[in-house]
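File shown: entry_25.txt (compact mmCIF, C-alpha atoms and all ligand atoms).
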# COMPACT_ATOMS: atom_id res chain seq x y z
CA MET A 1 4.72 -29.61 178.02
CA SER A 2 6.33 -33.03 178.33
CA THR A 3 3.89 -35.71 179.45
CA LEU A 4 6.60 -37.87 181.02
CA LEU A 5 5.67 -36.67 184.50
CA THR A 6 2.05 -37.52 185.19
CA PRO A 7 -0.09 -35.16 187.29
CA ASP A 8 0.21 -37.65 190.16
CA ALA A 9 3.99 -37.71 189.88
CA ARG A 10 4.07 -33.90 189.78
CA ALA A 11 1.97 -33.73 192.93
CA VAL A 12 4.46 -35.96 194.70
CA LEU A 13 7.47 -34.05 193.39
CA GLU A 14 5.80 -30.80 194.43
CA ARG A 15 6.07 -31.79 198.08
CA LEU A 16 9.54 -33.35 197.91
CA ALA A 17 11.60 -31.50 200.51
CA ILE A 18 15.21 -32.24 201.36
CA GLU A 19 16.69 -30.68 204.46
CA VAL A 20 20.25 -29.45 204.05
CA PRO A 21 22.90 -29.63 206.80
CA SER A 22 24.43 -26.39 208.10
CA TRP A 23 27.81 -28.13 208.28
CA ALA A 24 27.94 -28.67 204.53
CA TYR A 25 28.59 -24.95 204.09
CA GLY A 26 31.60 -24.84 206.41
CA ASN A 27 35.08 -26.12 205.62
CA SER A 28 35.11 -29.75 206.68
CA GLY A 29 35.19 -33.30 205.63
CA THR A 30 38.44 -35.17 206.13
CA ARG A 31 41.00 -36.20 208.70
CA PHE A 32 43.63 -34.97 206.26
CA LYS A 33 43.81 -31.50 204.76
CA VAL A 34 40.65 -29.47 204.91
CA PHE A 35 40.70 -27.21 201.87
CA GLY A 36 39.04 -23.89 202.48
CA THR A 37 36.67 -22.27 200.00
CA PRO A 38 36.50 -18.50 199.50
CA GLY A 39 33.41 -17.04 201.11
CA THR A 40 33.05 -19.75 203.75
CA PRO A 41 30.47 -18.74 206.38
CA ARG A 42 31.86 -17.22 209.56
CA ASP A 43 28.86 -18.03 211.75
CA PRO A 44 25.56 -19.94 211.73
CA PHE A 45 23.71 -16.93 210.28
CA GLU A 46 25.89 -17.02 207.19
CA LYS A 47 25.49 -20.79 206.90
CA ILE A 48 21.72 -20.29 206.81
CA SER A 49 22.05 -17.60 204.13
CA ASP A 50 24.09 -20.01 201.99
CA ALA A 51 21.64 -22.83 202.54
CA ALA A 52 18.82 -20.53 201.46
CA GLN A 53 20.51 -20.21 198.05
CA VAL A 54 19.91 -23.91 197.49
CA HIS A 55 16.20 -23.50 198.11
CA ARG A 56 15.98 -20.30 196.08
CA HIS A 57 17.33 -22.01 192.97
CA THR A 58 15.70 -25.42 193.33
CA GLY A 59 12.57 -25.07 195.49
CA LEU A 60 13.70 -28.33 197.08
CA ALA A 61 15.40 -27.42 200.34
CA PRO A 62 13.08 -25.46 202.64
CA ALA A 63 14.81 -26.36 205.93
CA VAL A 64 18.31 -26.35 207.38
CA ALA A 65 19.51 -28.85 209.99
CA LEU A 66 21.67 -27.56 212.83
CA HIS A 67 24.45 -29.31 214.77
CA ILE A 68 24.95 -28.39 218.41
CA PRO A 69 27.40 -27.01 219.58
CA TRP A 70 28.72 -26.19 216.08
CA ASP A 71 25.71 -23.92 215.54
CA LEU A 72 25.32 -22.64 219.08
CA VAL A 73 24.22 -18.98 219.11
CA ASP A 74 23.14 -16.68 221.94
CA ASP A 75 19.79 -15.96 220.36
CA PHE A 76 18.04 -18.83 218.59
CA ALA A 77 14.92 -16.72 218.09
CA ALA A 78 17.08 -14.33 216.05
CA LEU A 79 18.52 -17.25 214.04
CA LYS A 80 14.99 -18.49 213.36
CA ALA A 81 13.89 -15.01 212.27
CA HIS A 82 16.95 -14.76 210.01
CA ALA A 83 16.11 -18.13 208.43
CA GLU A 84 12.56 -17.01 207.79
CA THR A 85 13.75 -13.77 206.20
CA GLU A 86 15.92 -15.87 203.91
CA GLY A 87 12.92 -18.07 203.01
CA VAL A 88 13.85 -21.23 204.91
CA ALA A 89 13.08 -22.83 208.28
CA LEU A 90 15.32 -24.33 210.94
CA GLY A 91 15.05 -28.11 210.87
CA THR A 92 16.48 -31.09 212.69
CA ILE A 93 18.69 -30.52 215.70
CA ASN A 94 21.70 -32.86 215.71
CA SER A 95 23.36 -33.52 219.04
CA ASN A 96 27.11 -33.88 219.32
CA THR A 97 28.80 -36.03 221.95
CA PHE A 98 31.83 -36.88 219.88
CA GLN A 99 34.22 -33.99 220.33
CA ASP A 100 34.62 -33.58 224.06
CA ASP A 101 37.48 -35.19 226.04
CA ASP A 102 34.94 -36.53 228.55
CA TYR A 103 33.46 -38.74 225.85
CA LYS A 104 36.63 -40.71 225.11
CA LEU A 105 34.97 -43.93 226.32
CA GLY A 106 31.43 -43.07 225.31
CA SER A 107 28.53 -40.77 226.10
CA LEU A 108 24.98 -42.12 226.54
CA ALA A 109 26.38 -45.63 227.13
CA HIS A 110 29.30 -44.53 229.32
CA ALA A 111 30.02 -46.57 232.46
CA ASP A 112 30.63 -43.43 234.54
CA ASP A 113 27.33 -41.92 235.65
CA ARG A 114 28.75 -38.40 235.77
CA ILE A 115 29.69 -38.49 232.09
CA ARG A 116 26.51 -40.25 231.09
CA ARG A 117 24.52 -37.56 232.93
CA LYS A 118 26.49 -34.86 231.10
CA ALA A 119 25.61 -36.48 227.77
CA ILE A 120 21.93 -36.73 228.74
CA ASP A 121 21.96 -33.06 229.79
CA HIS A 122 23.43 -32.10 226.41
CA HIS A 123 20.43 -33.72 224.74
CA LEU A 124 18.01 -31.97 227.08
CA ALA A 125 19.70 -28.69 226.13
CA CYS A 126 19.21 -29.64 222.47
CA ILE A 127 15.48 -30.07 223.15
CA ASP A 128 15.43 -26.60 224.77
CA ILE A 129 16.86 -25.31 221.49
CA MET A 130 14.22 -27.23 219.51
CA ASP A 131 11.56 -25.43 221.55
CA LEU A 132 13.05 -22.11 220.40
CA THR A 133 13.65 -23.03 216.78
CA GLY A 134 10.38 -24.93 216.29
CA SER A 135 12.30 -28.02 215.18
CA ARG A 136 10.48 -31.32 215.12
CA ASP A 137 13.36 -33.79 215.23
CA LEU A 138 16.23 -34.48 217.59
CA LYS A 139 18.76 -36.60 215.74
CA ILE A 140 21.15 -38.66 217.82
CA TRP A 141 24.25 -40.26 216.42
CA LEU A 142 26.68 -41.68 218.94
CA ALA A 143 30.38 -42.31 218.55
CA ASP A 144 30.08 -44.76 221.47
CA GLY A 145 31.88 -48.05 221.12
CA SER A 146 35.18 -49.74 221.93
CA ASN A 147 38.42 -50.56 220.17
CA TYR A 148 39.49 -53.78 221.86
CA PRO A 149 37.74 -57.01 222.76
CA GLY A 150 37.21 -57.11 226.52
CA GLN A 151 37.43 -53.33 226.84
CA ALA A 152 33.74 -52.96 227.69
CA ASP A 153 30.71 -54.97 228.74
CA LEU A 154 28.67 -54.88 225.54
CA ARG A 155 25.37 -55.74 227.20
CA ASP A 156 25.66 -53.27 230.08
CA ARG A 157 26.29 -50.59 227.53
CA GLN A 158 23.01 -51.42 225.73
CA ASP A 159 21.15 -51.19 229.03
CA ARG A 160 22.70 -47.85 229.93
CA LEU A 161 21.99 -46.53 226.44
CA GLN A 162 18.32 -47.47 226.81
CA ASP A 163 18.11 -45.77 230.18
CA SER A 164 19.73 -42.59 228.79
CA LEU A 165 17.45 -42.53 225.75
CA GLN A 166 14.41 -42.92 227.98
CA ARG A 167 15.38 -39.85 229.99
CA ILE A 168 15.77 -37.86 226.78
CA TYR A 169 12.57 -39.19 225.22
CA GLU A 170 10.56 -38.24 228.32
CA ARG A 171 11.52 -34.61 227.88
CA LEU A 172 10.28 -34.39 224.25
CA GLY A 173 7.19 -32.28 223.51
CA GLU A 174 4.08 -33.80 221.95
CA GLU A 175 5.06 -32.73 218.44
CA GLN A 176 8.73 -33.63 218.76
CA ARG A 177 10.49 -36.83 217.73
CA LEU A 178 13.75 -38.60 218.45
CA VAL A 179 15.59 -40.26 215.57
CA LEU A 180 18.47 -42.62 216.34
CA GLU A 181 21.12 -42.98 213.65
CA TYR A 182 23.22 -46.11 213.31
CA LYS A 183 26.69 -46.60 211.85
CA PHE A 184 28.62 -49.84 211.60
CA PHE A 185 32.02 -48.50 212.64
CA GLU A 186 34.11 -45.34 213.12
CA PRO A 187 35.39 -43.81 215.28
CA ALA A 188 35.18 -47.06 217.28
CA PHE A 189 36.74 -49.98 215.42
CA TYR A 190 35.92 -53.10 217.45
CA HIS A 191 32.32 -52.51 218.47
CA THR A 192 29.87 -49.65 218.06
CA ASP A 193 26.88 -49.34 220.41
CA VAL A 194 24.38 -48.55 217.64
CA PRO A 195 25.96 -50.34 214.67
CA ASP A 196 22.92 -51.35 212.62
CA TRP A 197 19.24 -50.76 211.91
CA GLY A 198 18.24 -53.67 214.12
CA THR A 199 19.89 -52.19 217.20
CA SER A 200 18.47 -48.75 216.47
CA TYR A 201 15.05 -50.33 215.93
CA ALA A 202 15.25 -52.25 219.22
CA GLN A 203 16.34 -49.16 221.13
CA VAL A 204 13.70 -46.81 219.68
CA SER A 205 10.90 -49.37 219.82
CA ALA A 206 11.37 -49.59 223.59
CA LEU A 207 10.91 -45.81 223.84
CA GLY A 208 7.63 -45.18 222.08
CA GLU A 209 5.88 -43.99 218.95
CA ARG A 210 7.79 -40.78 218.49
CA ALA A 211 11.16 -42.53 218.46
CA LEU A 212 12.29 -43.65 215.02
CA VAL A 213 15.32 -44.84 213.08
CA CYS A 214 17.57 -42.59 210.98
CA LEU A 215 19.20 -44.27 208.01
CA ASP A 216 22.44 -42.64 206.81
CA THR A 217 23.21 -44.16 203.42
CA GLY A 218 26.97 -44.03 204.06
CA HIS A 219 26.81 -46.04 207.28
CA HIS A 220 26.67 -49.59 205.96
CA ALA A 221 29.20 -52.26 205.11
CA PRO A 222 30.04 -52.48 201.40
CA GLY A 223 27.52 -54.61 199.54
CA THR A 224 24.69 -54.04 202.04
CA ASN A 225 21.27 -54.06 200.40
CA ILE A 226 20.16 -50.68 201.75
CA GLU A 227 16.83 -50.65 199.92
CA PHE A 228 15.88 -53.81 201.79
CA ILE A 229 16.44 -51.97 205.08
CA VAL A 230 14.36 -49.06 203.77
CA MET A 231 11.55 -51.48 202.90
CA GLN A 232 11.71 -53.18 206.30
CA LEU A 233 11.73 -49.97 208.34
CA LEU A 234 8.83 -48.55 206.32
CA ARG A 235 6.98 -51.81 206.76
CA LEU A 236 7.51 -51.57 210.52
CA GLY A 237 6.53 -47.89 210.59
CA LYS A 238 9.88 -46.93 212.07
CA LEU A 239 11.72 -45.08 209.31
CA GLY A 240 12.03 -41.54 210.63
CA SER A 241 14.65 -39.97 208.41
CA PHE A 242 17.40 -40.31 205.85
CA ASP A 243 20.86 -38.82 205.91
CA PHE A 244 21.66 -38.93 202.19
CA ASN A 245 25.20 -39.00 200.85
CA SER A 246 27.26 -41.39 198.77
CA ARG A 247 30.29 -43.46 199.42
CA PHE A 248 32.87 -45.50 197.58
CA TYR A 249 34.66 -46.96 200.61
CA ALA A 250 33.55 -45.96 204.12
CA ASP A 251 31.61 -42.93 205.41
CA ASP A 252 32.80 -40.78 202.51
CA ASP A 253 30.02 -38.15 202.77
CA LEU A 254 30.18 -37.41 199.04
CA ILE A 255 27.37 -36.02 196.92
CA VAL A 256 24.29 -38.25 197.01
CA GLY A 257 23.80 -40.11 193.76
CA ALA A 258 27.38 -39.50 192.66
CA ALA A 259 28.85 -42.91 193.49
CA ASP A 260 25.90 -45.14 192.67
CA PRO A 261 22.84 -43.49 191.08
CA PHE A 262 21.23 -46.91 190.62
CA GLN A 263 21.35 -47.54 194.36
CA LEU A 264 19.68 -44.17 194.98
CA PHE A 265 17.00 -45.14 192.47
CA ARG A 266 16.43 -48.49 194.19
CA ILE A 267 16.15 -46.77 197.57
CA LEU A 268 13.61 -44.29 196.21
CA VAL A 269 11.59 -47.07 194.59
CA GLU A 270 11.20 -48.60 198.07
CA VAL A 271 10.41 -45.19 199.55
CA VAL A 272 7.59 -44.74 197.02
CA ARG A 273 6.44 -48.34 197.51
CA GLY A 274 6.31 -47.89 201.29
CA GLY A 275 4.42 -44.57 201.23
CA GLY A 276 7.48 -42.51 202.17
CA LEU A 277 6.54 -39.76 199.71
CA GLU A 278 2.86 -39.60 200.66
CA ALA A 279 1.60 -36.32 202.10
CA ASP A 280 1.33 -37.77 205.62
CA SER A 281 4.66 -39.62 205.51
CA PRO A 282 6.76 -39.54 208.67
CA VAL A 283 9.97 -39.80 206.65
CA ALA A 284 12.26 -36.76 206.65
CA PHE A 285 14.81 -36.44 203.86
CA MET A 286 18.13 -34.88 204.71
CA LEU A 287 21.58 -34.53 203.27
CA ASP A 288 24.61 -35.31 205.43
CA GLN A 289 27.59 -34.39 203.29
CA CYS A 290 30.90 -32.59 203.30
CA HIS A 291 32.32 -30.68 200.36
CA ASN A 292 36.07 -30.60 200.71
CA ILE A 293 37.29 -29.99 197.15
CA GLU A 294 34.17 -28.81 195.35
CA ASP A 295 32.25 -25.57 195.92
CA LYS A 296 29.75 -26.08 198.68
CA ILE A 297 26.57 -24.32 197.54
CA PRO A 298 26.62 -25.84 194.03
CA GLY A 299 27.57 -29.17 195.64
CA GLN A 300 24.36 -28.98 197.65
CA ILE A 301 22.32 -27.85 194.64
CA ARG A 302 23.59 -30.83 192.64
CA SER A 303 22.75 -33.12 195.57
CA VAL A 304 19.11 -32.12 195.95
CA LEU A 305 18.68 -32.27 192.17
CA ASN A 306 20.07 -35.82 192.18
CA VAL A 307 17.47 -36.84 194.76
CA GLN A 308 14.71 -35.15 192.76
CA GLU A 309 15.83 -36.86 189.57
CA MET A 310 15.87 -40.32 191.09
CA ALA A 311 12.54 -39.70 192.83
CA ALA A 312 11.07 -38.77 189.43
CA ARG A 313 12.46 -41.94 187.87
CA ALA A 314 11.10 -44.02 190.77
CA LEU A 315 7.68 -42.45 190.17
CA LEU A 316 7.86 -43.52 186.52
CA LEU A 317 8.05 -47.18 187.46
CA ASP A 318 5.10 -48.98 185.88
CA ARG A 319 3.85 -50.74 189.01
CA ASP A 320 1.03 -52.55 187.20
CA ALA A 321 3.36 -54.04 184.61
CA LEU A 322 5.87 -54.88 187.33
CA GLY A 323 3.21 -56.57 189.47
CA ALA A 324 1.96 -58.58 186.51
CA ALA A 325 5.46 -59.77 185.61
CA GLN A 326 6.17 -60.63 189.25
CA ALA A 327 2.91 -62.56 189.57
CA ALA A 328 3.67 -64.47 186.39
CA GLY A 329 7.16 -65.31 187.64
CA ASP A 330 8.55 -63.54 184.58
CA VAL A 331 11.95 -62.63 185.93
CA LEU A 332 13.32 -60.86 182.88
CA SER A 333 10.19 -58.83 182.17
CA ALA A 334 10.04 -57.69 185.79
CA ASN A 335 13.66 -56.64 185.70
CA GLY A 336 13.08 -54.99 182.30
CA VAL A 337 10.19 -52.88 183.65
CA PHE A 338 12.36 -51.85 186.59
CA MET A 339 15.30 -50.90 184.37
CA ASP A 340 13.09 -49.00 181.93
CA ALA A 341 12.20 -46.55 184.69
CA PHE A 342 15.81 -46.24 185.82
CA GLN A 343 17.12 -45.66 182.29
CA THR A 344 14.64 -42.89 181.47
CA ASP A 345 16.19 -39.43 181.22
CA VAL A 346 13.85 -37.20 183.21
CA ARG A 347 16.08 -34.12 183.15
CA PRO A 348 14.39 -32.26 180.27
CA ALA A 349 10.92 -32.90 181.75
CA LEU A 350 12.09 -31.71 185.19
CA ALA A 351 13.67 -28.58 183.69
CA GLU A 352 10.43 -27.75 181.90
CA TRP A 353 8.35 -28.42 185.02
CA ARG A 354 10.70 -26.28 187.13
CA GLU A 355 10.30 -23.37 184.74
CA SER A 356 6.54 -23.71 184.83
CA ARG A 357 6.76 -23.16 188.58
CA GLY A 358 8.89 -20.02 188.30
CA LEU A 359 12.15 -21.79 189.10
CA PRO A 360 15.26 -21.81 186.92
CA ALA A 361 15.34 -24.63 184.38
CA ASP A 362 19.02 -25.10 185.20
CA PRO A 363 19.60 -24.32 188.90
CA MET A 364 23.36 -24.90 188.67
CA ALA A 365 23.71 -22.32 185.90
CA ALA A 366 21.32 -19.92 187.62
CA TYR A 367 23.37 -20.02 190.82
CA ALA A 368 26.65 -19.64 188.90
CA SER A 369 25.40 -16.50 187.17
CA SER A 370 23.68 -15.03 190.25
CA GLY A 371 26.82 -13.28 191.53
CA TYR A 372 26.26 -14.71 195.05
CA PHE A 373 29.57 -16.57 195.18
CA GLU A 374 31.56 -13.51 194.08
CA ARG A 375 29.81 -11.42 196.71
CA ILE A 376 30.46 -13.75 199.65
CA ALA A 377 34.03 -14.38 198.51
CA ALA A 378 34.66 -10.62 198.63
CA GLU A 379 32.76 -9.97 201.86
CA ARG A 380 33.69 -12.85 204.11
CA VAL A 381 37.13 -13.46 205.46
CA GLY A 382 38.09 -16.23 207.92
CA GLY A 383 35.45 -18.96 207.63
CA THR A 384 34.57 -21.37 210.44
CA GLN A 385 35.55 -24.99 210.74
CA ALA A 386 32.47 -27.17 210.85
CA SER A 387 33.46 -30.76 211.42
CA TRP A 388 35.72 -33.14 213.30
CA GLY A 389 38.61 -32.13 211.07
CA ALA A 390 38.95 -29.23 213.50
C1 LIG B 401 28.29 -39.51 211.75
C2 LIG B 401 27.34 -38.59 211.05
C3 LIG B 401 26.24 -38.10 211.99
C4 LIG B 401 26.84 -36.80 212.45
C5 LIG B 401 27.37 -36.27 211.12
C6 LIG B 401 28.23 -35.06 211.16
O1 LIG B 401 29.17 -40.10 210.85
O2 LIG B 401 26.81 -39.19 209.91
O3 LIG B 401 25.05 -37.88 211.30
O4 LIG B 401 25.95 -35.96 213.08
O5 LIG B 401 28.02 -37.41 210.61
MN MN B 402 24.73 -38.90 209.34
MN MN B 403 28.31 -40.22 208.82

Once more with this new file: its structure as structure tokens, please.
Ligand code: LRH
Ligand code: MN
Ligand code: MN
Amino acid sequence: MSTLLTPDARAVLERLAIEVPSWAYGNSGTRFKVFGTPGTPRDPFEKISDAAQVHRHTGLAPAVALHIPWDLVDDFAALKAHAETEGVALGTINSNTFQDDDYKLGSLAHADDRIRRKAIDHHLACIDIMDLTGSRDLKIWLADGSNYPGQADLRDRQDRLQDSLQRIYERLGEEQRLVLEYKFFEPAFYHTDVPDWGTSYAQVSALGERALVCLDTGHHAPGTNIEFIVMQLLRLGKLGSFDFNSRFYADDDLIVGAADPFQLFRILVEVVRGGGLEADSPVAFMLDQCHNIEDKIPGQIRSVLNVQEMAARALLLDRDALGAAQAAGDVLSANGVFMDAFQTDVRPALAEWRESRGLPADPMAAYASSGYFERIAAERVGGTQASWGA
């Protein structure tokens, strides 16, 4: 057995769990052509079955996030039971106030009380669903913003947003949390009401302990030092969750670790440093991706493996040597220690470790030869659309 992964590192990797998004299994992902994949799920039950394949082959994805109303079903107890039969749980509930005509000028920050009330009620309905599914987290991302200077009173909108969030927060159960996701632009192009971590932090801090920030890695301006934000939010005790994906230009929603593996490593180094992988960590790891041209289930398998690989490399970092070099002001040695961990190929050690736990050494190959894709391609006809490309 390879000794690259220490017993401590294995214990941490053992509990690494990455929630997968139901919408990754539907056809979605671009304002241009949405290319369908054979076997695309026709309903939320089939999305859960597909998501369960990721967990079956990797042991890394025990929960599936839902998006409401995309995943609205008559019987959430039945959906929960189905998930459990498939070996996974239902996870975060994502609200959606970005596809209804009423929300053209905003939702929770809207100037019209009737529309703002409707948006609040949608979130209360999401919490009702959480009560049925046993979900811990309500994730809120808002498309609210404006396109033209002068269009809206920026400050009034912050005040209304806070009032709306308070009404939602009050309805949460003791074990439930609210996570507020920020994004610097899109669909609004002049201003966005929750554009950055600071605004999300200010809004959730005014709510209470069970309100936290969600960091989507694709939601920053190019060149942003995301690991610094990770450090700061962990330091403040306000990092609630990650939406992992990767981007080359804007909110590309590509496979995490595909565009910039080094950035993913740096983020995970800060996660480890800040206790984000400890057993009692409040940080939830999620994917938020779309697979438009690649097959969806293997796209998700590759994604969770990328996170596992970079987490393993982050755990290899020799913190003592790094601390000593930092204390001595030895810039090049410190950087060398850091790069040594990043440059280490952990794949053979992870494959061996996986096998020792009864999992396939090569999850991609195991899925490809499982016959699952051929079966769903033959059985399912007419998949659902699962994003704003609809
Ligand atoms: C917004 C976002 C948010 C949504 C998801 C579909 O860009 O990242 O998390 O819920 O995409
Ligand atoms: Mn997101
Ligand atoms: Mn996004």

Selection near A:Arg273, 12 Å with all atoms listed in the file, sequence-local residues under 3 positions removed, as an mmCIF file with C-alpha atoms, in the frame of the given file:
data_model
loop_
_atom_site.group_PDB
_atom_site.id
_atom_site.type_symbol
_atom_site.label_atom_id
_atom_site.label_comp_id
_atom_site.auth_asym_id
_atom_site.auth_seq_id
_atom_site.Cartn_x
_atom_site.Cartn_y
_atom_site.Cartn_z
ATOM 1 C CA GLU A 227 16.830 -50.650 199.920
ATOM 2 C CA PHE A 228 15.880 -53.810 201.790
ATOM 3 C CA VAL A 230 14.360 -49.060 203.770
ATOM 4 C CA MET A 231 11.550 -51.480 202.900
ATOM 5 C CA GLN A 232 11.710 -53.180 206.300
ATOM 6 C CA LEU A 234 8.830 -48.550 206.320
ATOM 7 C CA ARG A 235 6.980 -51.810 206.760
ATOM 8 C CA ARG A 266 16.430 -48.490 194.190
ATOM 9 C CA ILE A 267 16.150 -46.770 197.570
ATOM 10 C CA LEU A 268 13.610 -44.290 196.210
ATOM 11 C CA VAL A 269 11.590 -47.070 194.590
ATOM 12 C CA GLU A 270 11.200 -48.600 198.070
ATOM 13 C CA GLY A 276 7.480 -42.510 202.170
ATOM 14 C CA LEU A 277 6.540 -39.760 199.710
ATOM 15 C CA GLU A 278 2.860 -39.600 200.660
ATOM 16 C CA SER A 281 4.660 -39.620 205.510
ATOM 17 C CA ALA A 311 12.540 -39.700 192.830
ATOM 18 C CA ALA A 314 11.100 -44.020 190.770
ATOM 19 C CA LEU A 315 7.680 -42.450 190.170
ATOM 20 C CA LEU A 317 8.050 -47.180 187.460
ATOM 21 C CA ASP A 318 5.100 -48.980 185.880
ATOM 22 C CA ARG A 319 3.850 -50.740 189.010
ATOM 23 C CA GLY A 323 3.210 -56.570 189.470
#

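When all atoms listed in the file are used to measure the gap to ligand LIG 401 (chain B), the shortest distance among A:Gly218, A:Gly208, A:Gly26, A:Pro69 belongs to A:Gly218.
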
Determine, using all atoms listed in the file, which residues of chain A have any atom at most 10 Å from an atom of ligand MN 402 (chain B), and tabulate each with its shortest atom pair and distance in Å to one decimal place, rows ordered by chain and then rising number, as a Markdown table.
| residue | atom | partner | partner_atom | distance |
| --- | --- | --- | --- | --- |
| A:Pro21 | CA | B:MN402 | MN | 9.8 |
| A:Asn94 | CA | B:MN402 | MN | 9.3 |
| A:Lys139 | CA | B:MN402 | MN | 9.0 |
| A:Ile140 | CA | B:MN402 | MN | 9.2 |
| A:Trp141 | CA | B:MN402 | MN | 7.2 |
| A:Glu181 | CA | B:MN402 | MN | 6.9 |
| A:Tyr182 | CA | B:MN402 | MN | 8.4 |
| A:Lys183 | CA | B:MN402 | MN | 8.3 |
| A:Cys214 | CA | B:MN402 | MN | 8.2 |
| A:Leu215 | CA | B:MN402 | MN | 7.8 |
| A:Asp216 | CA | B:MN402 | MN | 5.1 |
| A:Thr217 | CA | B:MN402 | MN | 8.1 |
| A:Gly218 | CA | B:MN402 | MN | 7.7 |
| A:His219 | CA | B:MN402 | MN | 7.7 |
| A:Phe242 | CA | B:MN402 | MN | 8.2 |
| A:Asp243 | CA | B:MN402 | MN | 5.2 |
| A:Phe244 | CA | B:MN402 | MN | 7.8 |
| A:Asn245 | CA | B:MN402 | MN | 8.5 |
| A:Asp251 | CA | B:MN402 | MN | 8.9 |
| A:Asp253 | CA | B:MN402 | MN | 8.5 |
| A:Met286 | CA | B:MN402 | MN | 9.0 |
| A:Leu287 | CA | B:MN402 | MN | 8.1 |
| A:Asp288 | CA | B:MN402 | MN | 5.3 |
| A:Gln289 | CA | B:MN402 | MN | 8.1 |

Minimum-distance residue to ligand MN 403 (chain B), chosen among A:Thr85, A:Ser303, A:Thr30, A:Ser2 (using all atoms listed in the file)
A:Thr30

Which neighbours of A:Pro44 fall inside 10 Å, counting all atoms listed in the file, when residues of the same chain fewer than 2 positions from it are skipped, and could you give them as JSON, numbers by chain?
{"A": [22, 23, 25, 26, 41, 42, 46, 47, 48, 49, 50, 66, 67, 70, 71, 72, 73, 79, 384]}

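For A:Arg157, the list of residues within 9 Å, based on all atoms listed in the file and with local chain neighbours fewer than 6 positions off taken out, reads A:Leu108, A:Ala109, A:His110, A:Ala111, A:Gly145, A:Asp193.
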
Which residue is closest to ligand LIG 401 (chain B)? Choose from A:Pro187, A:Gly36, A:Pro222, A:Gly358 and count all atoms listed in the file.
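When distances to ligand LIG 401 (chain B) are compared using all atoms listed in the file, the smallest one comes from A:Pro187.
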
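Going from atom CA of A:Pro363 to atom CA of A:His57 covers 5.2 Å.
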
Between atom CA of A:Ala284 and atom CA of A:Ile18, what is the distance in Å, rounded to a tenth?
7.6 Å

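Remark: for ligand LIG 401 (chain B), the closest of the candidate residues A:Gly336, A:Pro348, A:Pro195, A:Gly223 is A:Pro195 (distances computed over all atoms listed in the file).
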
Considering all atoms listed in the file, can you say which of A:Ala250, A:Val179, A:Ala83, A:Ala152 comes closest to ligand MN 403 (chain B)?
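Smallest separation from ligand MN 403 (chain B) among the options: A:Ala250.
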
Between atom CA of A:Thr192 and atom CA of A:Ala206, what is the distance, to one decimal in Å?
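It comes out at 19.3 Å.
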
Considering all atoms listed in the file, return as a PDB file with C-alpha atoms, in the coordinates of the input whatever protein or nucleic-acid residues lie within 10 Å of A:His55, sequence-local ones (same chain, fewer than 4 positions apart) excluded.
ATOM      1  CA  ALA A  17      11.600 -31.500 200.510  1.00  0.00           C
ATOM      2  CA  ILE A  18      15.210 -32.240 201.360  1.00  0.00           C
ATOM      3  CA  GLU A  19      16.690 -30.680 204.460  1.00  0.00           C
ATOM      4  CA  VAL A  20      20.250 -29.450 204.050  1.00  0.00           C
ATOM      5  CA  ASP A  50      24.090 -20.010 201.990  1.00  0.00           C
ATOM      6  CA  ALA A  51      21.640 -22.830 202.540  1.00  0.00           C
ATOM      7  CA  GLY A  59      12.570 -25.070 195.490  1.00  0.00           C
ATOM      8  CA  LEU A  60      13.700 -28.330 197.080  1.00  0.00           C
ATOM      9  CA  ALA A  61      15.400 -27.420 200.340  1.00  0.00           C
ATOM     10  CA  PRO A  62      13.080 -25.460 202.640  1.00  0.00           C
ATOM     11  CA  ALA A  63      14.810 -26.360 205.930  1.00  0.00           C
ATOM     12  CA  VAL A  64      18.310 -26.350 207.380  1.00  0.00           C
ATOM     13  CA  GLU A  86      15.920 -15.870 203.910  1.00  0.00           C
ATOM     14  CA  GLY A  87      12.920 -18.070 203.010  1.00  0.00           C
ATOM     15  CA  VAL A  88      13.850 -21.230 204.910  1.00  0.00           C
ATOM     16  CA  GLN A 300      24.360 -28.980 197.650  1.00  0.00           C
ATOM     17  CA  ILE A 301      22.320 -27.850 194.640  1.00  0.00           C
ATOM     18  CA  VAL A 304      19.110 -32.120 195.950  1.00  0.00           C
ATOM     19  CA  PRO A 363      19.600 -24.320 188.900  1.00  0.00           C
TER      20      PRO A 363
END

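Between A:Trp353 and the candidates A:Glu14, A:Asp8, A:Asp102, A:Asp128, the tightest atom-to-atom separation, counting all atoms listed in the file, involves A:Glu14.
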
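Residues lying within 9 Å of A:Ala378, counting all atoms listed in the file and ignoring same-chain neighbours fewer than 4 positions away, are A:Pro38, A:Gly39, A:Phe373, A:Glu374.
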
Kindly compute an axis-aligned box around the listed atoms of ligand LIG 401 (chain B), allowing 8 Å on each side, and express its centre and edge lengths in Å to one decimal as AutoDock Vina command-line options.
--center_x 27.1 --center_y -37.6 --center_z 211.5 --size_x 20.1 --size_y 21.0 --size_z 19.2
